[in-house]
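J.: Before I ask anything, let me first share the structure, which is written out below as C-alpha cells.
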Amino acid sequence: MPRLQLPIEQLKEKALLIRRDIITMLMESQSGHSGGPLSCADFCAALAFYEANYDPKNPHWSERDMWFFSIGHVTPVHYSMLAEAGFFPLKDLMSFRKFGGHCQGHPSMNDTPGVEVSSGSLGQGLSVAVGAALGSKMDKHPRRVYCIMGDGEQQEGSIWEAAMAAAHYKLDNLCGIIDFNRAQIDGFVQDVMGIEPLADKYRAFNWYVVEVDGHDMDSIVEAFERARMLLGRPTVIIAHTIMGKGVSFMENDPSWHGKPPSPEQGREALKELGTTWEEWSSRLGNG
C-alpha cells in the first residue's frame with residue numbers, strides 16, 4: 001500500500017493518541033517504561049503515518065519498508081503505533097506485560113504482528129538494520145530501512161562498527177533515528193558517559209546528519225524527506241527530545257526511564273493529555 005503521508009495536524013493528533021495509549025497501558029500493567037516511549041511518540045507517529053510503506057493486514061508483505069527498534073524497551077510506543085496503524089486490535093494494548101497477551105515487555109517477532117526482530121539488548125539494532133538494508137540493496141529491492149536508537153545506546157561500541165559498515169556499503173536506503181532525550185536509566189547521559197559531539201561523530205563516519213526538534217512535526221517530516229532524497233550514504237536523524245514529553249512531572253527526569261505511573265499519577269498524566277482513564281481505557285478495551 002502507498003505511504004499514508006497524513007497532513008501535519010493529523011500526525012500531531014496521532015502522536016497525542018499514542019501518548020494517551022502509553023500512559024493507559026502503563027497504568028493497567030503497573031510495569032514498564034514511561035520516559036522514552038513518550039519522547040519517541042512524535043517521530044514514531046511520523047514514521048508510521050507519513051513515511052513508511054507497509055500493509056498492516058499483511059505484516060510480512062514483501063514490498064514493505066522495515067523499522068527496527070534497537071531500544072527494544074520502549075514497547076509502549078512501539079505497540080501503540082502498531083495498533084493505531086491496524087496491525088492488531090487496540091484492545092490488545094490492555095494486555096501489555098500480562099500473561100496471555102502478546103505485548104511482552106520487550107518485543108517478540110514470533111508473537112506480535114509488525115515486529116521485525118526481537119530486541120532489548122542495546123547496541124544490536126543498527127547491525128540488524130544494516131544487514132536488512134544491505135540485503136535489500138543486493139536484491140535490488142526499493143525498500144527503506146529505519147532503525148530507532150537511544151542516545152545512551154550510542155555508548156555501545158557495536159553501534160560504531162555498524163555505522164562504519166553502513167557508510168562503507170553506501171546504504172542510502174538506511175535511516176537511523178536517535179531519540180536524543182539526554183537521559184538513560186542510570187541518570188543523564190553526559191554524566192554516565194558523554195557522547196557529544198554526536199553529530200560530528202556520525203559525520204566523521206560519512207553519514208548524512210539531520211538534527212531536528214524531535215517534537216516539531218514539520219521538522220520531523222522534512223528530515224524524513226531529506227533522507228529519502230539522499231544518494232550514496234546513510235542518514236541519521238538526531239531528534240532532540242524531552243524524556244517524558246507531554247507529562248509535566250515526568251519531563252527531563254531520568255527516574256521515569258523505567259517505571260510506570262501509579263494510578264493517581266496516571267490519571268493526572270491523562271488529564272494533562274486531554275482525556276481521562278475512564279475514556280481511554282474504554283477506547284482501548286473496546287477497540
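Here's how to read the names in the C-alpha cells: chain A, B, ... by the order shown, residue numbers from 1 in each chain, ligand numbers from 1 in the order shown.
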Using only C-alpha atoms, tabulate the residues of range 147-225 of chain A lying at most 6 Å from any atom of range 66-89 of chain A, each with its closest atom pair and that distance in Å to one decimal, by chain and increasing residue number, as a Markdown table.

T.:
```
| residue | atom | partner | partner_atom | distance |
| --- | --- | --- | --- | --- |
| A:Cys147 | CA | A:Phe68 | CA | 4.8 |
| A:Ile148 | CA | A:Phe69 | CA | 4.9 |
| A:Met149 | CA | A:Ser70 | CA | 5.3 |
| A:Gly150 | CA | A:Ile71 | CA | 6.0 |
```

J.: For N, CA and C atoms, I'd like the residues from the last selection saved as a short mmCIF file (atom, residue, chain, number, x, y, z; two decimals), in the first residue's frame.

T.:
```
data_model
loop_
_atom_site.label_atom_id
_atom_site.label_comp_id
_atom_site.auth_asym_id
_atom_site.auth_seq_id
_atom_site.Cartn_x
_atom_site.Cartn_y
_atom_site.Cartn_z
N CYS A 147 15.96 2.53 11.70
CA CYS A 147 16.44 1.99 12.97
C CYS A 147 16.30 3.06 14.05
N ILE A 148 15.45 2.77 15.05
CA ILE A 148 15.24 3.70 16.16
C ILE A 148 16.21 3.35 17.28
N MET A 149 17.05 4.30 17.65
CA MET A 149 18.07 4.09 18.67
C MET A 149 17.91 5.09 19.80
N GLY A 150 18.53 4.79 20.94
CA GLY A 150 18.58 5.73 22.04
C GLY A 150 19.90 6.47 22.06
#
```

J.: Per residue of range 42-154 of chain A within 10 Å of range 194-208 of chain A, which atom pair is closest and at what distance in Å (one decimal), using only C-alpha atoms, listed by chain and increasing number, as CSV?

T.:
```
residue,atom,partner,partner_atom,distance
A:Asp151,CA,A:Ile195,CA,7.9
A:Gly152,CA,A:Ile195,CA,8.0
A:Glu153,CA,A:Ile195,CA,9.6
A:Gln154,CA,A:Ile195,CA,6.8
```

J.: For the residues selected in the previous step, produce a file with C-alpha atoms as a compact mmCIF listing (two decimals), in the first residue's frame.

T.:
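Once everything was written out, this is result.txt:
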```txt
# COMPACT_ATOMS: atom_id res chain seq x y z
CA ASP A 151 21.20 8.31 22.92
CA GLY A 152 22.57 6.27 25.82
CA GLU A 153 22.84 3.39 23.37
CA GLN A 154 25.45 5.38 21.45
```

J.: Could you build a table of the residues in range 110-188 of chain A lying no more than 12 Å from range 50-54 of chain A, giving for each the nearest pair of atoms and their separation in Å rounded to one decimal place, using only C-alpha atoms, ordered by chain and ascending residue number, as a Markdown table?

T.:
```
| residue | atom | partner | partner_atom | distance |
| --- | --- | --- | --- | --- |
| A:Gly114 | CA | A:Tyr54 | CA | 9.3 |
| A:Pro142 | CA | A:Asn53 | CA | 10.7 |
| A:Arg143 | CA | A:Asn53 | CA | 8.2 |
| A:Arg144 | CA | A:Ala52 | CA | 7.9 |
| A:Val145 | CA | A:Ala52 | CA | 8.9 |
| A:Tyr146 | CA | A:Ala52 | CA | 8.8 |
| A:Cys175 | CA | A:Ala52 | CA | 11.2 |
```

J.: Name the residues of range 79-238 of chain A that fall into strand (DSSP E) according to DSSP on the backbone, using the chain letters and numbers of this document, as a PyMOL selection string.

T.: chain A and resi 145-150+174-180+183-184+187-188+208-213+235-238

J.: Which of these, A:Pro263, A:Trp61, A:His33, A:Asp92, has the shortest distance to Asp111 in chain A once you count only C-alpha atoms?

T.: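 Under the stated criterion, the closest residue is A:Asp92.
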
J.: When DSSP is applied to the backbone of this structure, which of range 155-223 of chain A are assigned alpha helix (DSSP H)? Write them out as a compact mmCIF listing (two decimals) with C-alpha atoms, in the first residue's frame.

T.:
```txt
# COMPACT_ATOMS: atom_id res chain seq x y z
CA GLY A 157 30.87 0.01 20.54
CA SER A 158 28.80 -2.21 18.27
CA ILE A 159 26.85 0.86 17.15
CA TRP A 160 30.00 2.31 15.64
CA GLU A 161 31.04 -0.91 13.92
CA ALA A 162 27.63 -0.97 12.25
CA ALA A 163 27.86 2.73 11.40
CA MET A 164 31.21 2.16 9.69
CA ALA A 165 29.80 -0.75 7.66
CA ALA A 166 26.71 1.23 6.61
CA ALA A 167 28.86 4.02 5.19
CA HIS A 168 31.27 1.60 3.53
CA VAL A 189 23.82 10.63 29.52
CA GLN A 190 26.53 13.26 29.90
CA ASP A 191 27.17 12.07 33.47
CA VAL A 192 27.15 8.33 32.70
CA MET A 193 29.36 8.51 29.58
CA LEU A 198 27.42 13.10 18.41
CA ALA A 199 26.58 14.76 15.09
CA ASP A 200 30.25 15.28 14.29
CA LYS A 201 30.98 11.63 15.08
CA TYR A 202 28.39 10.41 12.60
CA ARG A 203 29.66 12.88 10.00
CA ALA A 204 33.18 11.51 10.55
CA MET A 217 6.27 17.56 13.36
CA ASP A 218 7.10 19.80 10.40
CA SER A 219 10.82 19.37 11.06
CA ILE A 220 10.49 15.62 11.52
CA VAL A 221 8.65 15.16 8.22
CA GLU A 222 11.16 17.38 6.42
CA ALA A 223 14.02 15.30 7.84
```

J.: Extract, using only C-alpha atoms, all DNA, RNA and protein residues at most 9 Å from range 94-100 of chain A, discarding same-chain residues fewer than 2 positions from it, and format them as a VMD selection string.

T.: chain A and resid 24 to 26 28 to 32 76 79 90 to 92 102 to 106 281 284 to 285

J.: Taking only C-alpha atoms into account, name the residue in A:Ala183, A:Leu134, A:Leu230, A:Leu171 that is nearest to Trp256 in chain A.

T.: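 Checking each of A:Ala183, A:Leu134, A:Leu230, A:Leu171 against Trp256 in chain A, counting only C-alpha atoms, the winner is A:Ala183.
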
J.: Of the candidates A:Ala15, A:Val117, A:Leu93, A:Ile238, which shows the shortest atom-to-atom distance to Phe49 in chain A, using only C-alpha atoms?

T.: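 Comparing A:Ala15, A:Val117, A:Leu93, A:Ile238 against Phe49 in chain A, the winner is A:Ala15.
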